[in-house]
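Containing mmCIF, C-alpha atoms: start.cif.
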data_work
#
loop_
_atom_site.label_atom_id
_atom_site.label_comp_id
_atom_site.auth_asym_id
_atom_site.auth_seq_id
_atom_site.Cartn_x
_atom_site.Cartn_y
_atom_site.Cartn_z
CA MET A 1 -10.51 -43.62 -14.27
CA ASP A 2 -10.67 -45.97 -17.27
CA GLY A 3 -8.31 -46.12 -20.22
CA ALA A 4 -10.55 -44.05 -22.51
CA SER A 5 -10.74 -41.25 -19.92
CA ILE A 6 -6.96 -41.29 -19.47
CA ASN A 7 -6.40 -41.02 -23.24
CA LEU A 8 -8.95 -38.18 -23.46
CA THR A 9 -7.23 -36.32 -20.61
CA GLN A 10 -3.82 -36.76 -22.24
CA SER A 11 -5.19 -35.46 -25.56
CA ILE A 12 -6.64 -32.38 -23.87
CA PHE A 13 -3.35 -31.60 -22.15
CA SER A 14 -1.24 -32.38 -25.24
CA LEU A 15 -3.27 -30.33 -27.72
CA PRO A 16 -2.19 -26.84 -26.54
CA TYR A 17 1.44 -27.96 -26.51
CA PHE A 18 1.02 -29.36 -30.00
CA ARG A 19 -0.20 -25.99 -31.25
CA GLN A 20 2.72 -24.23 -29.54
CA PHE A 21 5.11 -26.78 -30.99
CA THR A 22 3.77 -26.29 -34.53
CA LEU A 23 3.94 -22.50 -34.30
CA THR A 24 7.42 -22.51 -32.71
CA ILE A 25 8.88 -24.95 -35.21
CA THR A 26 7.38 -23.13 -38.19
CA ILE A 27 9.01 -19.87 -37.08
CA LEU A 28 12.33 -21.37 -35.99
CA ALA A 29 12.65 -23.56 -39.08
CA LEU A 30 12.98 -20.31 -41.05
CA CYS A 31 15.42 -18.80 -38.54
CA PHE A 32 17.68 -21.83 -38.05
CA PRO A 33 19.49 -21.74 -41.43
CA VAL A 34 19.93 -17.95 -41.30
CA VAL A 35 21.51 -18.04 -37.83
CA VAL A 36 23.73 -21.04 -38.62
CA LEU A 37 25.02 -19.56 -41.90
CA PHE A 38 25.67 -16.26 -40.15
CA GLY A 39 27.49 -18.10 -37.37
CA LEU A 40 29.70 -19.99 -39.83
CA PHE A 41 30.62 -16.72 -41.54
CA THR A 42 31.34 -14.85 -38.29
CA ASN A 43 33.46 -17.62 -36.77
CA ILE A 44 35.54 -18.02 -39.92
CA THR A 45 36.01 -14.24 -39.86
CA ASN A 46 37.01 -14.34 -36.18
CA ILE A 47 39.60 -17.05 -36.81
CA ILE A 48 41.16 -15.16 -39.75
CA VAL A 49 41.29 -11.88 -37.81
CA PHE A 50 42.82 -13.44 -34.68
CA LEU A 51 45.43 -15.27 -36.76
CA LYS A 52 46.34 -12.01 -38.50
CA ALA A 53 46.59 -10.27 -35.13
CA GLY A 54 48.78 -13.02 -33.73
CA VAL A 55 47.97 -15.38 -30.86
CA LYS A 56 50.26 -13.77 -28.30
CA ASP A 57 48.51 -14.18 -24.93
CA ASN A 58 46.12 -16.42 -23.03
CA VAL A 59 43.01 -14.32 -23.78
CA THR A 60 43.56 -14.42 -27.56
CA THR A 61 44.29 -18.15 -27.30
CA LEU A 62 40.95 -18.70 -25.58
CA LEU A 63 39.07 -16.46 -28.03
CA ILE A 64 40.40 -18.17 -31.14
CA SER A 65 39.77 -21.59 -29.55
CA LEU A 66 36.20 -20.50 -28.81
CA SER A 67 35.69 -19.47 -32.44
CA VAL A 68 37.10 -22.79 -33.72
CA SER A 69 34.91 -24.79 -31.35
CA ASP A 70 31.80 -22.75 -32.22
CA MET A 71 32.52 -23.21 -35.92
CA MET A 72 32.88 -26.99 -35.50
CA PHE A 73 29.59 -27.09 -33.59
CA LEU A 74 27.81 -25.25 -36.41
CA VAL A 75 29.51 -27.33 -39.14
CA LEU A 76 28.42 -30.61 -37.53
CA VAL A 77 24.92 -29.35 -36.80
CA THR A 78 24.29 -28.13 -40.38
CA PRO A 79 23.54 -31.57 -41.95
CA SER A 80 21.15 -32.34 -39.09
CA LEU A 81 19.48 -28.98 -39.57
CA CYS A 82 19.04 -29.55 -43.31
CA THR A 83 17.52 -32.96 -42.62
CA PHE A 84 15.15 -31.47 -40.04
CA ILE A 85 13.93 -28.76 -42.44
CA ILE A 86 13.33 -31.27 -45.25
CA ILE A 87 11.40 -33.61 -42.92
CA TYR A 88 9.28 -30.75 -41.59
CA PHE A 89 8.44 -29.01 -44.86
CA VAL A 90 8.60 -32.05 -47.22
CA PRO A 91 7.41 -34.97 -45.07
CA HIS A 92 7.17 -37.37 -48.01
CA TRP A 93 10.70 -36.80 -49.29
CA PRO A 94 12.07 -40.11 -50.70
CA TRP A 95 15.07 -40.75 -48.45
CA PRO A 96 17.54 -43.46 -49.56
CA PHE A 97 18.13 -44.21 -45.87
CA TYR A 98 16.40 -43.76 -42.52
CA ASP A 99 15.37 -40.08 -42.34
CA GLY A 100 16.75 -39.58 -38.83
CA LEU A 101 20.12 -41.17 -39.61
CA ILE A 102 22.12 -37.95 -40.00
CA ASP A 103 20.66 -36.24 -36.96
CA GLU A 104 21.22 -39.20 -34.64
CA LEU A 105 24.79 -39.75 -35.85
CA LEU A 106 25.86 -36.09 -35.59
CA TYR A 107 23.83 -34.83 -32.61
CA TRP A 108 26.23 -35.86 -29.86
CA PRO A 109 29.47 -35.02 -31.75
CA SER A 110 28.13 -31.54 -32.52
CA TYR A 111 27.05 -30.88 -28.94
CA THR A 112 30.39 -32.17 -27.68
CA PHE A 113 31.90 -29.09 -29.33
CA TYR A 114 29.14 -26.96 -27.83
CA ASP A 115 30.11 -28.30 -24.39
CA PHE A 116 33.74 -27.50 -25.20
CA SER A 117 32.75 -23.93 -26.14
CA SER A 118 30.93 -23.66 -22.81
CA CYS A 119 34.07 -24.75 -20.96
CA ILE A 120 36.20 -22.24 -22.91
CA SER A 121 33.74 -19.47 -22.01
CA VAL A 122 33.99 -20.49 -18.37
CA GLY A 123 37.78 -20.46 -18.71
CA LEU A 124 37.62 -16.90 -19.99
CA GLY A 125 35.47 -15.91 -17.04
CA VAL A 126 37.68 -17.64 -14.48
CA THR A 127 40.96 -16.19 -15.79
CA ARG A 128 39.61 -12.62 -15.93
CA CYS A 129 37.93 -13.01 -12.55
CA ALA A 130 41.17 -14.17 -10.94
CA CYS A 131 43.18 -11.39 -12.59
CA VAL A 132 40.67 -8.74 -11.50
CA ALA A 133 40.14 -10.06 -7.96
CA MET A 134 43.81 -10.85 -7.20
CA PRO A 135 45.95 -9.26 -9.94
CA LEU A 136 49.29 -9.61 -8.14
CA GLN A 137 48.88 -13.33 -7.40
CA PHE A 138 47.57 -14.31 -10.84
CA LYS A 139 49.35 -11.88 -13.15
CA SER A 140 51.81 -14.49 -14.41
CA VAL A 141 49.81 -17.67 -13.74
CA PHE A 142 47.66 -17.80 -16.90
CA THR A 143 50.34 -18.05 -19.56
CA LYS A 144 49.71 -19.01 -23.17
CA ALA A 145 51.41 -22.41 -22.75
CA ARG A 146 49.37 -23.28 -19.66
CA THR A 147 46.19 -22.16 -21.42
CA VAL A 148 46.86 -24.52 -24.34
CA LYS A 149 47.43 -27.42 -21.92
CA ALA A 150 44.22 -26.56 -20.03
CA LEU A 151 42.27 -26.49 -23.30
CA PHE A 152 43.56 -29.93 -24.20
CA VAL A 153 42.51 -31.31 -20.81
CA LEU A 154 39.04 -29.71 -21.10
CA PHE A 155 38.53 -31.18 -24.56
CA ILE A 156 39.48 -34.67 -23.36
CA LEU A 157 37.06 -34.22 -20.45
CA VAL A 158 34.03 -33.26 -22.54
CA VAL A 159 34.74 -36.00 -25.10
CA SER A 160 35.07 -38.57 -22.30
CA ILE A 161 31.67 -37.59 -20.93
CA ARG A 162 29.99 -38.02 -24.33
CA VAL A 163 31.80 -41.16 -25.54
CA PRO A 164 29.61 -43.60 -23.51
CA ILE A 165 26.33 -42.37 -25.03
CA MET A 166 27.84 -42.15 -28.54
CA SER A 167 29.04 -45.76 -28.25
CA THR A 168 25.44 -46.98 -27.85
CA TYR A 169 24.58 -46.06 -31.45
CA LYS A 170 25.44 -48.30 -34.39
CA LEU A 171 24.60 -48.49 -38.09
CA VAL A 172 22.31 -51.34 -39.15
CA TRP A 173 20.60 -52.52 -42.33
CA ILE A 174 16.84 -52.96 -42.01
CA LYS A 175 15.02 -55.14 -44.55
CA ASP A 176 11.55 -54.20 -45.79
CA PRO A 177 9.64 -57.48 -46.42
CA LEU A 178 7.14 -55.72 -48.70
CA THR A 179 9.70 -54.36 -51.17
CA ASN A 180 12.48 -56.84 -50.37
CA SER A 181 14.88 -53.89 -50.05
CA THR A 182 17.24 -52.86 -47.28
CA THR A 183 17.60 -49.40 -45.74
CA LEU A 184 20.57 -48.04 -43.82
CA SER A 185 19.48 -46.98 -40.37
CA VAL A 186 20.90 -46.26 -36.93
CA ARG A 187 19.92 -48.05 -33.78
CA GLY A 188 20.54 -46.85 -30.26
CA GLN A 189 20.96 -49.55 -27.66
CA LYS A 190 18.94 -48.68 -24.56
CA VAL A 191 21.57 -49.03 -21.84
CA GLU A 192 19.91 -47.59 -18.75
CA SER A 193 23.11 -46.86 -16.81
CA ILE A 194 24.77 -45.03 -19.71
CA THR A 195 21.65 -43.06 -20.55
CA ARG A 196 21.20 -42.05 -16.92
CA PHE A 197 24.86 -41.06 -16.63
CA ASN A 198 24.59 -38.91 -19.75
CA ASP A 199 21.38 -37.25 -18.53
CA ILE A 200 22.71 -36.48 -15.05
CA VAL A 201 26.34 -35.61 -15.83
CA GLY A 202 26.47 -34.48 -19.46
CA ARG A 203 23.07 -32.83 -19.88
CA THR A 204 22.47 -31.42 -16.39
CA SER A 205 25.38 -31.39 -13.91
CA LEU A 206 28.13 -30.09 -16.22
CA PRO A 207 25.95 -27.28 -17.70
CA TRP A 208 24.83 -26.25 -14.19
CA ILE A 209 28.42 -26.23 -12.90
CA ASN A 210 29.50 -24.05 -15.83
CA PHE A 211 26.48 -21.79 -15.34
CA ILE A 212 27.11 -21.26 -11.61
CA ILE A 213 30.83 -20.65 -12.12
CA MET A 214 30.07 -18.13 -14.86
CA ILE A 215 27.54 -16.19 -12.79
CA THR A 216 29.99 -16.13 -9.86
CA CYS A 217 32.82 -14.85 -12.07
CA VAL A 218 30.70 -12.10 -13.61
CA GLY A 219 29.47 -11.07 -10.16
CA VAL A 220 33.01 -10.91 -8.73
CA ILE A 221 34.33 -8.95 -11.73
CA LYS A 222 31.50 -6.42 -11.57
CA LEU A 223 31.93 -6.05 -7.78
CA LYS A 224 35.69 -5.52 -8.01
CA LEU A 225 35.33 -3.00 -10.83
CA TYR A 226 32.68 -1.13 -8.83
CA GLN A 227 34.93 -1.05 -5.77
CA ALA A 228 37.84 0.17 -7.90
CA SER A 229 35.63 2.85 -9.42
CA MET A 230 34.55 4.05 -5.98
CA ALA A 231 38.18 4.11 -4.82
CA HIS A 232 39.13 6.11 -7.92
CA LYS A 233 36.41 8.68 -7.23
CA TYR A 234 37.54 8.96 -3.61
CA HIS A 235 41.20 9.52 -4.58
CA THR A 236 40.15 11.96 -7.29
CA SER A 237 38.05 14.08 -4.94
CA LYS A 238 40.74 13.96 -2.25
CA SER A 239 43.51 14.93 -4.69
CA SER A 240 41.34 17.64 -6.20
CA ALA A 241 40.77 19.22 -2.80
CA ALA A 242 44.44 19.03 -1.84
CA SER A 243 46.40 19.79 -5.02
CA GLY A 244 44.07 20.88 -7.79
CA SER A 245 42.74 19.30 -10.96
CA ARG A 246 46.11 18.36 -12.49
CA GLN A 247 46.95 15.83 -9.77
CA ALA A 248 43.35 14.66 -9.75
CA SER A 249 43.70 13.64 -13.37
CA GLU A 250 46.77 11.60 -12.43
CA ALA A 251 44.98 9.64 -9.66
CA PRO A 252 44.94 5.83 -10.10
CA ASN A 253 42.24 4.58 -12.41
CA HIS A 254 40.64 1.17 -11.69
CA GLN A 255 43.61 -0.02 -9.61
CA GLY A 256 46.10 1.10 -12.24
CA ARG A 257 44.55 -0.84 -15.13
CA SER A 258 45.08 0.47 -18.62
CA ALA A 259 42.26 1.25 -21.01
CA LYS A 260 43.23 -1.86 -22.99
CA ASP A 261 42.88 -4.08 -19.91
CA LEU A 262 39.46 -2.60 -19.17
CA ARG A 263 38.31 -3.29 -22.73
CA VAL A 264 39.47 -6.91 -22.39
CA ILE A 265 37.53 -7.23 -19.14
CA GLN A 266 34.41 -5.72 -20.72
CA CYS A 267 34.75 -8.07 -23.70
CA VAL A 268 35.02 -11.13 -21.47
CA VAL A 269 32.11 -10.02 -19.26
CA LEU A 270 29.86 -9.63 -22.32
CA ILE A 271 30.85 -13.05 -23.65
CA CYS A 272 30.06 -14.50 -20.22
CA CYS A 273 26.67 -12.74 -20.14
CA ILE A 274 25.81 -14.08 -23.61
CA PHE A 275 26.70 -17.56 -22.36
CA ILE A 276 24.54 -17.14 -19.23
CA VAL A 277 21.47 -16.01 -21.19
CA SER A 278 21.87 -18.69 -23.87
CA GLN A 279 22.15 -21.49 -21.30
CA LEU A 280 18.91 -20.71 -19.45
CA PRO A 281 16.49 -22.48 -21.86
CA PHE A 282 18.62 -25.62 -22.03
CA LEU A 283 19.11 -25.77 -18.26
CA THR A 284 15.37 -25.44 -17.70
CA TYR A 285 14.69 -28.10 -20.31
CA SER A 286 17.29 -30.64 -19.10
CA THR A 287 16.53 -30.21 -15.38
CA TYR A 288 12.78 -30.59 -15.82
CA ARG A 289 13.38 -33.67 -17.97
CA LEU A 290 15.11 -35.36 -15.04
CA THR A 291 12.28 -34.58 -12.62
CA ASN A 292 9.27 -35.41 -14.83
CA PRO A 293 9.22 -38.70 -16.80
CA GLN A 294 6.33 -37.39 -18.93
CA PHE A 295 8.57 -34.62 -20.26
CA ASP A 296 10.31 -36.73 -22.91
CA THR A 297 10.01 -37.86 -26.53
CA THR A 298 7.23 -40.36 -25.77
CA GLY A 299 5.63 -38.82 -22.68
CA ARG A 300 2.41 -36.86 -22.27
CA LEU A 301 4.36 -33.59 -22.42
CA ARG A 302 6.27 -34.55 -25.56
CA PHE A 303 5.15 -31.51 -27.56
CA LEU A 304 6.29 -29.18 -24.77
CA PHE A 305 9.55 -31.16 -24.73
CA PHE A 306 10.05 -30.63 -28.47
CA THR A 307 9.10 -26.94 -28.22
CA LEU A 308 11.59 -26.14 -25.45
CA GLY A 309 14.21 -28.24 -27.21
CA ALA A 310 13.81 -26.16 -30.39
CA ILE A 311 14.05 -22.92 -28.40
CA GLY A 312 17.17 -24.23 -26.67
CA ARG A 313 18.70 -24.99 -30.08
CA ILE A 314 18.17 -21.48 -31.46
CA PHE A 315 19.77 -20.02 -28.33
CA ALA A 316 22.72 -22.40 -28.78
CA TYR A 317 23.12 -21.33 -32.42
CA LEU A 318 22.97 -17.65 -31.41
CA ASN A 319 25.51 -18.20 -28.65
CA ALA A 320 27.89 -19.65 -31.23
CA SER A 321 27.33 -16.77 -33.69
CA VAL A 322 27.14 -13.33 -32.07
CA ASN A 323 30.55 -12.90 -30.40
CA ILE A 324 31.78 -11.00 -33.45
CA PHE A 325 29.82 -7.95 -32.25
CA VAL A 326 31.59 -8.08 -28.88
CA TYR A 327 35.02 -8.37 -30.47
CA TYR A 328 34.31 -5.53 -32.91
CA ASN A 329 33.19 -3.14 -30.18
CA TYR A 330 35.75 -3.94 -27.46
CA ASN A 331 38.89 -5.06 -29.31
CA ARG A 332 40.61 -2.26 -31.21
CA THR A 333 43.09 -4.59 -32.89
CA TYR A 334 40.27 -6.86 -34.05
CA ARG A 335 38.28 -3.89 -35.39
CA SER A 336 41.28 -2.41 -37.17
CA ILE A 337 42.18 -5.69 -38.93
CA LEU A 338 38.57 -6.43 -39.87
CA LEU A 339 38.04 -2.96 -41.36
CA SER A 340 41.31 -3.29 -43.25
CA MET A 341 40.15 -6.63 -44.67
CA LEU A 342 36.83 -5.12 -45.73
CA ARG A 343 38.55 -2.17 -47.43
CA SER A 344 40.89 -4.52 -49.31
CA GLU A 345 37.96 -6.66 -50.41
CA ARG A 346 36.09 -3.58 -51.61
CA LYS A 347 39.09 -2.46 -53.68
CA ASN A 348 39.38 -5.91 -55.24
CA VAL A 349 35.71 -5.87 -56.19
CA GLN A 350 36.03 -2.44 -57.78
#
Would you write out, as structure tokens, the structure that this file holds?
Amino acid sequence: MDGASINLTQSIFSLPYFRQFTLTITILALCFPVVVLFGLFTNITNIIVFLKAGVKDNVTTLLISLSVSDMMFLVLVTPSLCTFIIIYFVPHWPWPFYDGLIDELLYWPSYTFYDFSSCISVGLGVTRCACVAMPLQFKSVFTKARTVKALFVLFILVVSIRVPIMSTYKLVWIKDPLTNSTTLSVRGQKVESITRFNDIVGRTSLPWINFIIMITCVGVIKLKLYQASMAHKYHTSKSSAASGSRQASEAPNHQGRSAKDLRVIQCVVLICCIFIVSQLPFLTYSTYRLTNPQFDTTGRLRFLFFTLGAIGRIFAYLNASVNIFVYYNYNRTYRSILLSMLRSERKNVQ
């Protein structure tokens, strides 16, 4: 096959992906700012409510840390998002610097916080899983102080993984010989070993490890709660037959867990499920990128690469934005404080 035939074949295969890319980006470009602004508002609200409630235990410590990390992710991604929208809708915008400067400088710092949020979500799943599976052994293990130390270690870990790839970028001045002017730009040094390390460890292995741990934790929690529910029904029916309905109502419920504990477990399980769903597009995207060299920014499947990347971004933004609904429905203290804040704000407006 000659070169002209190869180019024709590549064009035929690329064209459908280009159409999908154009349609996807046009739709998501309108959704991106709405989701990000909503996420900034909800995470600021979460932080205020949790501070008012008081950070008294390990679960609240993890939840407020998750909100702070999600907020930082959305704050750092906002300038990149604004740049992207301007480039897409106003391609001839007169930039005073290289148009991809902001995105390339802030991409890895922003997704470092996204990785940190992923690790916090996994921490929530692991702590609740351990407490549900073996409550007596782990009842006093996950203290607030130990949780803070673990968060610090996790943050150092995710930063350490991203520092090598971030160190390959540097600011440079590029001179235009036609206009005799210089433009501030960013240049990434192509260091094969660092790039490969980042692709394998940061973009694929770590997300997959978090994903597998999270699915395992949710499965164990659901199994243990189901077993406890079956045991409760058995004791209830046995007590009802032996001593009447009054003793049946006093039978152990979910291994003696209070309604508050069950709401905490339900809250954590939902947060874990949101994490699992939101990670699927990115995991598909990053894993396929490792196995197919054409699935990259300059390969034959570049438009499919950009399309799945955009879909992965909207799922990441949603993951960092929607936890407020979980907290409102499953945390009575959170709901009470939030409603009180809304009533006070309404009175002030009136």
Requested in this report: Could you check how far CA of Leu280 (chain A) sits from CA of Ile265 (chain A), in Å to one decimal?
Outcome: 23.0 Å
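Shortest separation to Ile47 (chain A) among A:Ile64, A:Val35, A:Ile324, A:Ala310 occurs at residue A:Ile64, atoms counted being only C-alpha atoms.
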For the provided coordinates, the residues matched by the PyMOL selection byres ((chain A and resi 102-110) around 6) should be stated as a compact mmCIF listing (two decimals) with C-alpha atoms, in the coordinates of the input.
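File result_17.txt, as written:
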# COMPACT_ATOMS: atom_id res chain seq x y z
CA PHE A 73 29.59 -27.09 -33.59
CA LEU A 76 28.42 -30.61 -37.53
CA VAL A 77 24.92 -29.35 -36.80
CA SER A 80 21.15 -32.34 -39.09
CA GLY A 100 16.75 -39.58 -38.83
CA LEU A 101 20.12 -41.17 -39.61
CA TYR A 111 27.05 -30.88 -28.94
CA THR A 112 30.39 -32.17 -27.68
CA PHE A 113 31.90 -29.09 -29.33
Query raised in the report: Looking at all atoms listed in the file, which of A:Val132, A:Met166, A:Val148, A:Leu262 is the one that sits closest to Leu223 (chain A)?
Result: A:Val132
Requested in this report: Check the smallest atom-to-atom distance from each of A:Tyr226, A:Tyr317, A:Phe50, A:Trp95 to Arg335 (chain A) using all atoms listed in the file, then report the winner.
Outcome: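 Using all atoms listed in the file, the shortest distance to Arg335 (chain A) belongs to A:Phe50.
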Requested in this report: Tell me, as a list in words, which residues lie within 9 Å of region 116-122 of chain A, counting only C-alpha atoms; anything in the same chain fewer than 6 positions away does not count.
Outcome: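 Everything that qualifies: Leu62, Leu63, Ser65, Leu66, Ser67, Val68, Ser69, Asp70, Phe73, Leu151, Leu154, Phe155, Leu157, Val158, Val159, Pro207, Asn210, Phe211, Ile213, Met214, Cys217, Val268, Ile271, Cys272, Phe275 and Ala320 of chain A.
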As a PDB file, in the coordinates of the input, please: region 328-344 of chain A completed to N, CA and C atoms.
ATOM      1  N   TYR A 328      34.234  -6.756 -32.105  1.00  0.00           N
ATOM      2  CA  TYR A 328      34.310  -5.530 -32.910  1.00  0.00           C
ATOM      3  C   TYR A 328      34.229  -4.293 -32.034  1.00  0.00           C
ATOM      4  N   ASN A 329      33.408  -4.322 -31.017  1.00  0.00           N
ATOM      5  CA  ASN A 329      33.190  -3.140 -30.180  1.00  0.00           C
ATOM      6  C   ASN A 329      34.237  -2.951 -29.089  1.00  0.00           C
ATOM      7  N   TYR A 330      34.865  -4.045 -28.621  1.00  0.00           N
ATOM      8  CA  TYR A 330      35.750  -3.940 -27.460  1.00  0.00           C
ATOM      9  C   TYR A 330      37.189  -4.351 -27.736  1.00  0.00           C
ATOM     10  N   ASN A 331      37.521  -4.683 -28.973  1.00  0.00           N
ATOM     11  CA  ASN A 331      38.890  -5.060 -29.310  1.00  0.00           C
ATOM     12  C   ASN A 331      39.354  -4.200 -30.478  1.00  0.00           C
ATOM     13  N   ARG A 332      40.174  -3.198 -30.174  1.00  0.00           N
ATOM     14  CA  ARG A 332      40.610  -2.260 -31.210  1.00  0.00           C
ATOM     15  C   ARG A 332      41.426  -2.949 -32.300  1.00  0.00           C
ATOM     16  N   THR A 333      42.289  -3.874 -31.898  1.00  0.00           N
ATOM     17  CA  THR A 333      43.090  -4.590 -32.890  1.00  0.00           C
ATOM     18  C   THR A 333      42.199  -5.395 -33.818  1.00  0.00           C
ATOM     19  N   TYR A 334      41.216  -6.079 -33.248  1.00  0.00           N
ATOM     20  CA  TYR A 334      40.270  -6.860 -34.050  1.00  0.00           C
ATOM     21  C   TYR A 334      39.549  -5.942 -35.033  1.00  0.00           C
ATOM     22  N   ARG A 335      39.044  -4.811 -34.538  1.00  0.00           N
ATOM     23  CA  ARG A 335      38.280  -3.890 -35.390  1.00  0.00           C
ATOM     24  C   ARG A 335      39.144  -3.325 -36.506  1.00  0.00           C
ATOM     25  N   SER A 336      40.375  -2.979 -36.171  1.00  0.00           N
ATOM     26  CA  SER A 336      41.280  -2.410 -37.170  1.00  0.00           C
ATOM     27  C   SER A 336      41.577  -3.412 -38.289  1.00  0.00           C
ATOM     28  N   ILE A 337      41.866  -4.665 -37.929  1.00  0.00           N
ATOM     29  CA  ILE A 337      42.180  -5.690 -38.930  1.00  0.00           C
ATOM     30  C   ILE A 337      40.952  -6.009 -39.774  1.00  0.00           C
ATOM     31  N   LEU A 338      39.797  -6.104 -39.136  1.00  0.00           N
ATOM     32  CA  LEU A 338      38.570  -6.430 -39.870  1.00  0.00           C
ATOM     33  C   LEU A 338      38.230  -5.328 -40.868  1.00  0.00           C
ATOM     34  N   LEU A 339      38.321  -4.071 -40.444  1.00  0.00           N
ATOM     35  CA  LEU A 339      38.040  -2.960 -41.360  1.00  0.00           C
ATOM     36  C   LEU A 339      39.033  -2.922 -42.499  1.00  0.00           C
ATOM     37  N   SER A 340      40.295  -3.237 -42.198  1.00  0.00           N
ATOM     38  CA  SER A 340      41.310  -3.290 -43.250  1.00  0.00           C
ATOM     39  C   SER A 340      41.001  -4.387 -44.260  1.00  0.00           C
ATOM     40  N   MET A 341      40.534  -5.536 -43.781  1.00  0.00           N
ATOM     41  CA  MET A 341      40.150  -6.630 -44.670  1.00  0.00           C
ATOM     42  C   MET A 341      38.966  -6.240 -45.557  1.00  0.00           C
ATOM     43  N   LEU A 342      38.001  -5.543 -44.965  1.00  0.00           N
ATOM     44  CA  LEU A 342      36.830  -5.120 -45.730  1.00  0.00           C
ATOM     45  C   LEU A 342      37.202  -4.094 -46.793  1.00  0.00           C
ATOM     46  N   ARG A 343      38.098  -3.169 -46.442  1.00  0.00           N
ATOM     47  CA  ARG A 343      38.550  -2.170 -47.430  1.00  0.00           C
ATOM     48  C   ARG A 343      39.293  -2.830 -48.581  1.00  0.00           C
ATOM     49  N   SER A 344      40.143  -3.804 -48.261  1.00  0.00           N
ATOM     50  CA  SER A 344      40.890  -4.520 -49.310  1.00  0.00           C
ATOM     51  C   SER A 344      39.948  -5.287 -50.220  1.00  0.00           C
TER      52      SER A 344
END
